[in-house]
Amino acid sequence: MSSKGIDISKYQAGIKMSAVKKNFDFVILRGGYTGYGADRKKVKDPSFETFYKQAKAEGLNVGVYWYSCANNKATGKAEAKFLYENCLKGKKFEMPIYIDVENSQWQTKSKKGVTDAIIAFCEYLEDKGYYVGIYASLSWFGTYIDTSRVKAYTKWIAKWSDKKPTVNFDGFEMWQYSDSGKAGGKTVDLDTAYVDFPSTIKSKGFNGYKATKTTTKPSNSTSTSNKAKTYTVKTGDTLSAIAKKYNTTVDTLVKKNNIKDKNLIYAGQVLNV
């Protein structure tokens, strides 16, 4: 199953969402960006609120991206915090929330630093209940991002081509295949999503939604329901991925299991979830 969408920012101000709805399933909005200057000022996209209201009114599935200049944990977390407080809080999104990593001025000097920033950004929003991911060009993945450390997050790659690209890392779930599409009277980026994000996000209670509760037959026995659930860590697991799997947060897992370093878990470790 795949779905078609576009991603837009203030440069598409005035786009007609009713026309977008006729040909596309989703729209990814720029929440804002970090400026290139020494102060790296964070700015909310001036068209974000208008786009959000219009897209929702048309029944489009909506996601968000943040154009990042972060290159360490502190700046990655700060970007996520700004995005949450100024764009995400109090709204509902059916598509993931992405960190857009492509700034050559700040993000090409340290692969570890930019990967630390990505993880800090994603963990902050995951702890707030958001389904998060990474956007970057195909050439950036692996070159400036340590893909072995970000397996837990969904990936959106940019490669403008008629042929779906192949990758040398764990894969991707969305592809930006053109920057010259037409929609609603504007030139836009075109995207294909290969997974049903809205169903997962809504059923699991991410991005402002409440988890779908399944009705189970009552039981007179409490012996099984009172047992603590556990999970045995596998190679490649991260606390973020485990938290997402069990609809909880990293901080909750840390507290439940007395973990001293949330970035250090090992295969075979049994966690209370």
# chains A, B, ... in the order shown; residues from 1 in each chain; ligands from 1
call {"tool": "residues_around", "arguments": {"residues": "A:Gln105", "least_positions_apart": "2", "cutoff": "9 Å", "atoms": "only C-alpha atoms", "output": "list of chain:residue names"}}
result
A:Tyr36, A:Cys69, A:Asn103, A:Gln107, A:Thr108, A:Lys109
call {"tool": "write_last_selection", "arguments": {"atoms": "all heavy atoms", "output": "PDB file, in the first residue's frame"}}
result
ATOM      1  N   TYR A  36      20.608  30.260   9.744  1.00  0.00           N
ATOM      2  CA  TYR A  36      22.010  29.921   9.540  1.00  0.00           C
ATOM      3  C   TYR A  36      22.964  30.744  10.397  1.00  0.00           C
ATOM      4  O   TYR A  36      24.131  30.396  10.552  1.00  0.00           O
ATOM      5  CB  TYR A  36      22.414  30.167   8.084  1.00  0.00           C
ATOM      6  CG  TYR A  36      21.612  29.437   7.043  1.00  0.00           C
ATOM      7  CD1 TYR A  36      21.655  29.850   5.718  1.00  0.00           C
ATOM      8  CD2 TYR A  36      20.819  28.344   7.368  1.00  0.00           C
ATOM      9  CE1 TYR A  36      20.921  29.183   4.736  1.00  0.00           C
ATOM     10  CE2 TYR A  36      20.088  27.683   6.405  1.00  0.00           C
ATOM     11  CZ  TYR A  36      20.134  28.108   5.081  1.00  0.00           C
ATOM     12  OH  TYR A  36      19.412  27.458   4.120  1.00  0.00           O
ATOM     13  N   CYS A  69      19.342  23.024  12.034  1.00  0.00           N
ATOM     14  CA  CYS A  69      20.770  23.348  11.974  1.00  0.00           C
ATOM     15  C   CYS A  69      21.489  22.743  13.175  1.00  0.00           C
ATOM     16  O   CYS A  69      22.629  23.089  13.474  1.00  0.00           O
ATOM     17  CB  CYS A  69      20.983  24.864  11.960  1.00  0.00           C
ATOM     18  SG  CYS A  69      20.587  25.657  10.397  1.00  0.00           S
ATOM     19  N   ASN A 103      21.648  20.890   6.377  1.00  0.00           N
ATOM     20  CA  ASN A 103      22.344  22.170   6.397  1.00  0.00           C
ATOM     21  C   ASN A 103      23.865  21.998   6.358  1.00  0.00           C
ATOM     22  O   ASN A 103      24.468  21.497   7.316  1.00  0.00           O
ATOM     23  CB  ASN A 103      21.944  22.970   7.642  1.00  0.00           C
ATOM     24  CG  ASN A 103      22.592  24.337   7.641  1.00  0.00           C
ATOM     25  OD1 ASN A 103      23.658  24.514   8.210  1.00  0.00           O
ATOM     26  ND2 ASN A 103      21.960  25.296   6.999  1.00  0.00           N
ATOM     27  N   GLN A 107      26.020  21.214   9.760  1.00  0.00           N
ATOM     28  CA  GLN A 107      25.812  19.786  10.008  1.00  0.00           C
ATOM     29  C   GLN A 107      26.727  18.843   9.234  1.00  0.00           C
ATOM     30  O   GLN A 107      26.461  17.649   9.182  1.00  0.00           O
ATOM     31  CB  GLN A 107      24.349  19.439   9.713  1.00  0.00           C
ATOM     32  CG  GLN A 107      23.386  20.124  10.676  1.00  0.00           C
ATOM     33  CD  GLN A 107      21.940  19.831  10.370  1.00  0.00           C
ATOM     34  OE1 GLN A 107      21.545  19.771   9.209  1.00  0.00           O
ATOM     35  NE2 GLN A 107      21.136  19.638  11.398  1.00  0.00           N
ATOM     36  N   THR A 108      27.810  19.323   8.680  1.00  0.00           N
ATOM     37  CA  THR A 108      28.702  18.438   7.928  1.00  0.00           C
ATOM     38  C   THR A 108      30.061  18.217   8.594  1.00  0.00           C
ATOM     39  O   THR A 108      30.877  17.452   8.086  1.00  0.00           O
ATOM     40  CB  THR A 108      28.944  18.996   6.509  1.00  0.00           C
ATOM     41  OG1 THR A 108      29.492  20.317   6.617  1.00  0.00           O
ATOM     42  CG2 THR A 108      27.652  19.033   5.708  1.00  0.00           C
ATOM     43  N   LYS A 109      30.270  18.853   9.728  1.00  0.00           N
ATOM     44  CA  LYS A 109      31.583  18.765  10.372  1.00  0.00           C
ATOM     45  C   LYS A 109      31.719  17.577  11.322  1.00  0.00           C
ATOM     46  O   LYS A 109      32.816  17.102  11.592  1.00  0.00           O
ATOM     47  CB  LYS A 109      31.888  20.067  11.115  1.00  0.00           C
ATOM     48  CG  LYS A 109      32.037  21.266  10.188  1.00  0.00           C
ATOM     49  CD  LYS A 109      32.282  22.543  10.963  1.00  0.00           C
ATOM     50  CE  LYS A 109      32.508  23.721  10.024  1.00  0.00           C
ATOM     51  NZ  LYS A 109      31.314  24.012   9.224  1.00  0.00           N
TER      52      LYS A 109
END
call {"tool": "residues_around", "arguments": {"residues": "stretch 186-198 of chain A", "least_positions_apart": "5", "cutoff": "7 Å", "atoms": "only C-alpha atoms", "output": "ChimeraX atom specification"}}
result
/A:1-8,12,15,94-95,173-181
call {"tool": "atom_distance", "arguments": {"atom1": "atom CA of A:Lys204", "atom2": "atom CA of A:Ala243"}}
result
11.6 Å
call {"tool": "atom_distance", "arguments": {"atom1": "atom CA of A:Leu264", "atom2": "atom CA of A:Ala152"}}
result
14.5 Å
call {"tool": "closest_atom_pairs", "arguments": {"of": "stretch 89-163 of chain A", "to": "stretch 251-257 of chain A", "cutoff": "12 Å", "atoms": "only C-alpha atoms", "output": "tab-separated table"}}
result
residue	atom	partner	partner_atom	distance
A:Glu123	CA	A:Asp251	CA	9.7
A:Tyr124	CA	A:Asp251	CA	10.1
A:Leu125	CA	A:Asp251	CA	12.0
A:Glu126	CA	A:Asp251	CA	10.0
A:Asp127	CA	A:Asp251	CA	7.2
A:Lys128	CA	A:Asp251	CA	10.4
A:Gly129	CA	A:Asp251	CA	11.7
call {"tool": "write_last_selection", "arguments": {"atoms": "C-alpha atoms", "output": "PDB file, in the first residue's frame"}}
result
ATOM      1  CA  GLU A 123      13.578  11.461  21.983  1.00  0.00           C
ATOM      2  CA  TYR A 124      12.202  14.784  23.223  1.00  0.00           C
ATOM      3  CA  LEU A 125       9.147  14.481  20.967  1.00  0.00           C
ATOM      4  CA  GLU A 126       8.725  10.762  21.590  1.00  0.00           C
ATOM      5  CA  ASP A 127       8.509  11.516  25.288  1.00  0.00           C
ATOM      6  CA  LYS A 128       5.677  13.912  24.405  1.00  0.00           C
ATOM      7  CA  GLY A 129       3.869  11.140  22.525  1.00  0.00           C
TER       8      GLY A 129
END
call {"tool": "residues_around", "arguments": {"residues": "A:Lys92", "least_positions_apart": "2", "cutoff": "9 Å", "atoms": "only C-alpha atoms", "output": "ChimeraX atom specification"}}
result
/A:62,88-90,94,206-209
call {"tool": "closest_residue", "arguments": {"among": "A:Gly205, A:Gly14, A:Gly113, A:Gly32", "to": "A:Phe51", "atoms": "only C-alpha atoms"}}
result
A:Gly14
